[in-house]
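Shown next, in C-alpha cells, is the structure this report addresses.
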Amino acid sequence: MTDKTIGRVVSVNGPLVVAEIDPDREVMQNEVAYVHCQGQALKSEVIRIRGRQVDMQVFESTAGLLIGDAVDFSGQVLSAVLGPGMLGNIYDGLQNPLSLLENNQGFFLKRGQYLAPLDEKKLWNFTSSAQKGGKVKPGEYLGHVTEGLFKHPIMVPLKLSGNWEITEIVSSGKYNVTHTLARIKNQEGHEVAVCMKQDWPVKQPMRAYRERLLPEKQLLTQCRLIDIFFPLAEGGTACIPGPFGAGKTVLQQIISRYAEADIVIIVACGERAGEVVETIREFPQLEDPQTGRSLMDRTVIICNTSSMPVAAREASIYTGLTLGEYYRQLGLKVLLLADSTSRWAQALRESSARLEEIPGEEAFPAYLESRIAAVYERAGVVKLHNQSTGSLTMIGSVSPAGGNFEEPVTQNTLKVVGAFHGLSRSRSDQRRYPAIDPLISWSLYLNQMDEFLNRRHPQWTEKVKQTHRLMSDGNAVRQMMLVVGEEGISLDDLVTFLKSEIVDATCLQQDSFDAVDKATPHQRQIDDFLLLMEMVDYSFEFANKEEAKAVMTRLQNLFFQMKYSPYQGEKYTEYRREIKIMLGREAR
C-alpha cells in the first residue's frame with residue numbers, strides 16, 4: 001500500500017464505494033485501492049472513473065464505513081503473485097492462503113487481512129540453465145526449481161517486452177522466492193532484477209508465447225460418455241449446465257481426479273459453503289491415480305463461497321485463469337474447473353445494478369456475452385519459445401434457474417465453448433449417472449479432432465455418430481411406446497430400442513463409486529466400444545418380441561458384468577468371449 005493518491009469516501013452502496021480525489025491526482029482502471037474503515041484497510045478495485053469521482057468495488061464487508069473515510073490508491077492493478085509454492089494451496093478469490101488465515105478466526109474470517117500467496121521464507125533448490133551475456137525474451141527460462149512432481153522453470157518476467165541481455169546470474173543453490181537470481185538489461189540500458197516470484201494482472205490474458213495452436217489432441221477424462229461421445233480437446237473449452245442436484249459438482253470432481261492433466265485448478269465460485277468444505281476436506285485425502293500420492297500435490301483450489309463478498313466472487317474466476325495460464329507457460333497440461341460460472345455472472349449482475357447500468361436480458365449486464373467470451377478465450381494450447389507446448393483446458397459448470405437452458409448465461413456460454421455436456425433432471429431422477437443427456441449434448445471437437453480420433457479405429461468418428469443416431473432413434477421409439485405401448489410398435493423398432501438401452505446402460509452410465517468402473521483407461525474404451533458397435537451393427541433375427549427381449553437382456557447382462565470386471569482379467573475375457581459367441585464372431 002502506498003500514498004500515491006488520497007481520496008475520501010463520498011458514497012457507500014453495499015460493496016460499491018464512491019471516493020472523491022483531488023483534480024491533480026491520477027487513478028487508473030482496475031487499480032487496487034484500500035478503503036480505511038474502523039482501523040482496517042479494505043482491499044478494493046477501481047471499476048469506473050468519472051472526473052474526480054472514482055467507483056470502487058470492495059472485496060470485504062463495508063459495514064461501519066463512513067462518509068469521509070480515507071482511501072489510498074496503490075498504483076498497481078489487481079494482480080496474482082506467481083511462482084513456486086502455489087501447488088497444494090487453498091486460496092480465496094484474492095489469492096489469500098486460507099490455511100494461514102483460519103487460525104484464531106472463529107466462525108468467520110476477519111476482514112482487512114491480506115497475506116502473501118507464496119511462502120517467502122522457504123528455500124528452493126535453484127538450478128541455473130542460463131549464462132551471463134546470454135540473450136533472452138520474456139517467458140524464456142533462466143533455470144528451474146523442483147516443486148513436488150515437476151521441474152518448475154524460472155522465467156524472465158512476462159510483463160517485459162523485447163530482447164534482454166543477462167548481466168548477472170547466481171550460481172545454483174538454495175534461495176527464497178524474493179531473492180534476486182539474475183539481472184537483465186535491454187538495449188535502452190534499463191535493468192531489471194529477476195526473482196522466482198512475479199506478478200501478472202488477473203484480467204489481462206498472458207501472451208508470452210510463440211504461437212497459439214488449434215486444439216487437435218484429445219484430453220482424456222476417463223469418463224466414457226465424454227471421451228467417446230462428446231470428446232474434449234487439450235486447450236479446449238466445455239460447458240456443463242444442469243439443474244440443482246443433477247451432479248455437476250460430482251462430475252467435475254471425478255474429471256479432476258482422473259483426467260490426464262498435469263495440473264488441476266478448481267475454482268469454487270459462489271458455491272454453497274457445505275460443498276466447498278467437502279471439496280477442501282476430501283481432496284487432500286484422495287489418492288492421485290497417476291502418481292499414488294495425494295491429489296493436492298498437483299492441485300490448486302480457489303474458493304469463494306456464496307456467503308463471501310460478491311466482488312471477491314467475480315475476482316476468483318480471473319485469479320484461477322491467471323494461475324492456469326502461468327502453469328501453461330511452464331509447458332504443462334492444465335485443467336481448470338469453474339463451479340459455477342452462473343454465480344460469477346450473478347456477481348456481475350449485482351455490480352452492474354449498483355452502477356445503475358442499463359440492464360440486458362434478465363437484468364444481466366448488456367456486456368455479459370463479451371465477458372463470458374473473454375473468460376473462455378483465455379483457454380488454449382500454445383507453442384512456447386523453447387518449442388514445447390502447454391495447454392489450458394477450461395470446463396465451466398452453469399446452474400440455470402429451474403434447469404432452463406434458455407437463460408442468458410447458458411446461451412451465451414454455448415456460443416463460445418467447444419463442447420456442451422448438458423445434464424438433465426430426467427436422467428438424474430432415473431439414477432443414470434453421469435446425467436449428461438446424449439440427446440442434447442454435442443462436441444465440436446468430434447469433427448475437429450477427426451484425424452486424431454481415427455487413430456483408434458479408421459472409422460471411429462463415424463461409429464460415434466452412428467451411435468448418436470441410434471440413441472435418437474431409440475428415444476423416438478421410447479416416446480412411441482409411452483403412447484401405444486409395446487404392442488403398438490414393430491419388432492424392428494423394439495430391437496432398436498433395446499440396442500439403445502444396452503448402449504446407455506453399459507457405456508453411457510458409469511459408477512463413480514465402483515473400484516473398476518469409476519475410470520475407464522484409453523485402451524479399454526477402445527476395446528469395449530468397438531465390441532459394443534459389433535452388437536449395434538449385428539442384424540438379429542428374432543421370431544417374436546419375447547425372444548428379442550430375452551436375447552437382448554442376456555447381452556446387456558454380459559456387457560454389464562464385463563464393465564465391472566478388471567480389464568483383461570479372467571472374468572473380463574470370459575464375458576467378452578461369450579458376447580462374441582452370441583454375435584457369431586467366435587465358435588463355442
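For the C-alpha cells, the naming scheme is as follows: chains receive sequential letters (A, B, ...) according to their order of presentation, residues are indexed from 1 within each chain, and ligands are indexed from 1 in presentation order.
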Could you give me, as a ChimeraX atom specification, the residues within 9 Å of range 548-557 of chain A, counting only C-alpha atoms and dropping anything in the same chain fewer than 2 positions from it?
/A:491,494-495,498-499,501-503,505-506,535,540-546,559-562,578-579,582
Using C-alpha atoms, can you export the residues from the last selection as a PDB file, in the first residue's frame?
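Dumped everything to part_24.pdb:
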ATOM      1  CA  LEU A 491     -40.251 -55.892 -33.927  1.00  0.00           C
ATOM      2  CA  LEU A 494     -38.244 -52.860 -30.380  1.00  0.00           C
ATOM      3  CA  VAL A 495     -34.773 -54.153 -31.314  1.00  0.00           C
ATOM      4  CA  LEU A 498     -33.237 -52.486 -26.824  1.00  0.00           C
ATOM      5  CA  LYS A 499     -29.917 -51.776 -28.554  1.00  0.00           C
ATOM      6  CA  GLU A 501     -30.754 -49.301 -23.848  1.00  0.00           C
ATOM      7  CA  ILE A 502     -27.697 -51.581 -23.913  1.00  0.00           C
ATOM      8  CA  VAL A 503     -25.500 -48.693 -25.090  1.00  0.00           C
ATOM      9  CA  ALA A 505     -26.603 -48.928 -19.533  1.00  0.00           C
ATOM     10  CA  THR A 506     -23.138 -50.222 -20.366  1.00  0.00           C
ATOM     11  CA  MET A 535     -23.606 -55.583 -31.287  1.00  0.00           C
ATOM     12  CA  PHE A 540     -30.572 -60.023 -35.263  1.00  0.00           C
ATOM     13  CA  GLU A 541     -33.286 -62.387 -36.481  1.00  0.00           C
ATOM     14  CA  PHE A 542     -35.994 -62.975 -33.914  1.00  0.00           C
ATOM     15  CA  ALA A 543     -39.205 -64.932 -34.234  1.00  0.00           C
ATOM     16  CA  ASN A 544     -41.108 -62.629 -31.885  1.00  0.00           C
ATOM     17  CA  LYS A 545     -40.710 -59.836 -29.344  1.00  0.00           C
ATOM     18  CA  GLU A 546     -40.351 -62.186 -26.387  1.00  0.00           C
ATOM     19  CA  PHE A 559     -21.896 -56.228 -21.165  1.00  0.00           C
ATOM     20  CA  PHE A 560     -22.895 -55.098 -17.696  1.00  0.00           C
ATOM     21  CA  GLN A 561     -20.805 -57.782 -15.984  1.00  0.00           C
ATOM     22  CA  MET A 562     -17.881 -57.085 -18.307  1.00  0.00           C
ATOM     23  CA  GLU A 578     -19.466 -65.046 -24.562  1.00  0.00           C
ATOM     24  CA  ILE A 579     -20.636 -61.841 -26.249  1.00  0.00           C
ATOM     25  CA  MET A 582     -23.705 -64.612 -29.317  1.00  0.00           C
TER      26      MET A 582
END
Step one, run DSSP on the backbone; step two, keep only residues of range 45-268 of chain A assigned to strand (DSSP E or B); then write them as a PyMOL selection string.
chain A and resi 45-50+53-58+70-77+79-82+90-91+97+124-128+135-136+141-147+150-155+164-169+173-175+182-185+191-194+198-201+211-213+218+233+237-241+263-268
Could you give me, as a PyMOL selection string, the residues within 9 Å of range 215-232 of chain A, counting only C-alpha atoms and dropping anything in the same chain fewer than 5 positions from it?
chain A and resi 237-238+254-261+380-381+391+393+418-421+434+436+438+441-446+448-453+461+464-465+467-468+507-510+518-522+525-526+529
List every residue of range 321-424 of chain A that has an atom at most 12 Å from any atom of range 73-84 of chain A, and for each one report the closest atom pair and its distance in Å to one decimal, counting only C-alpha atoms, with rows sorted by chain and then by increasing residue number, as a tab-separated table.
residue	atom	partner	partner_atom	distance
A:Leu321	CA	A:Ala80	CA	10.1
A:Thr322	CA	A:Ala80	CA	7.1
A:Leu323	CA	A:Leu82	CA	7.1
A:Gly324	CA	A:Leu82	CA	10.3
A:Glu325	CA	A:Leu82	CA	10.3
A:Tyr326	CA	A:Leu82	CA	7.3
A:Tyr327	CA	A:Leu82	CA	9.3
A:Gln329	CA	A:Leu82	CA	11.4
A:Leu330	CA	A:Gly83	CA	10.6
Quick one: residues within 9 Å of range 165-167 of chain A, only C-alpha atoms, excluding same-chain residues fewer than 6 positions away - as a count of residues only?
15
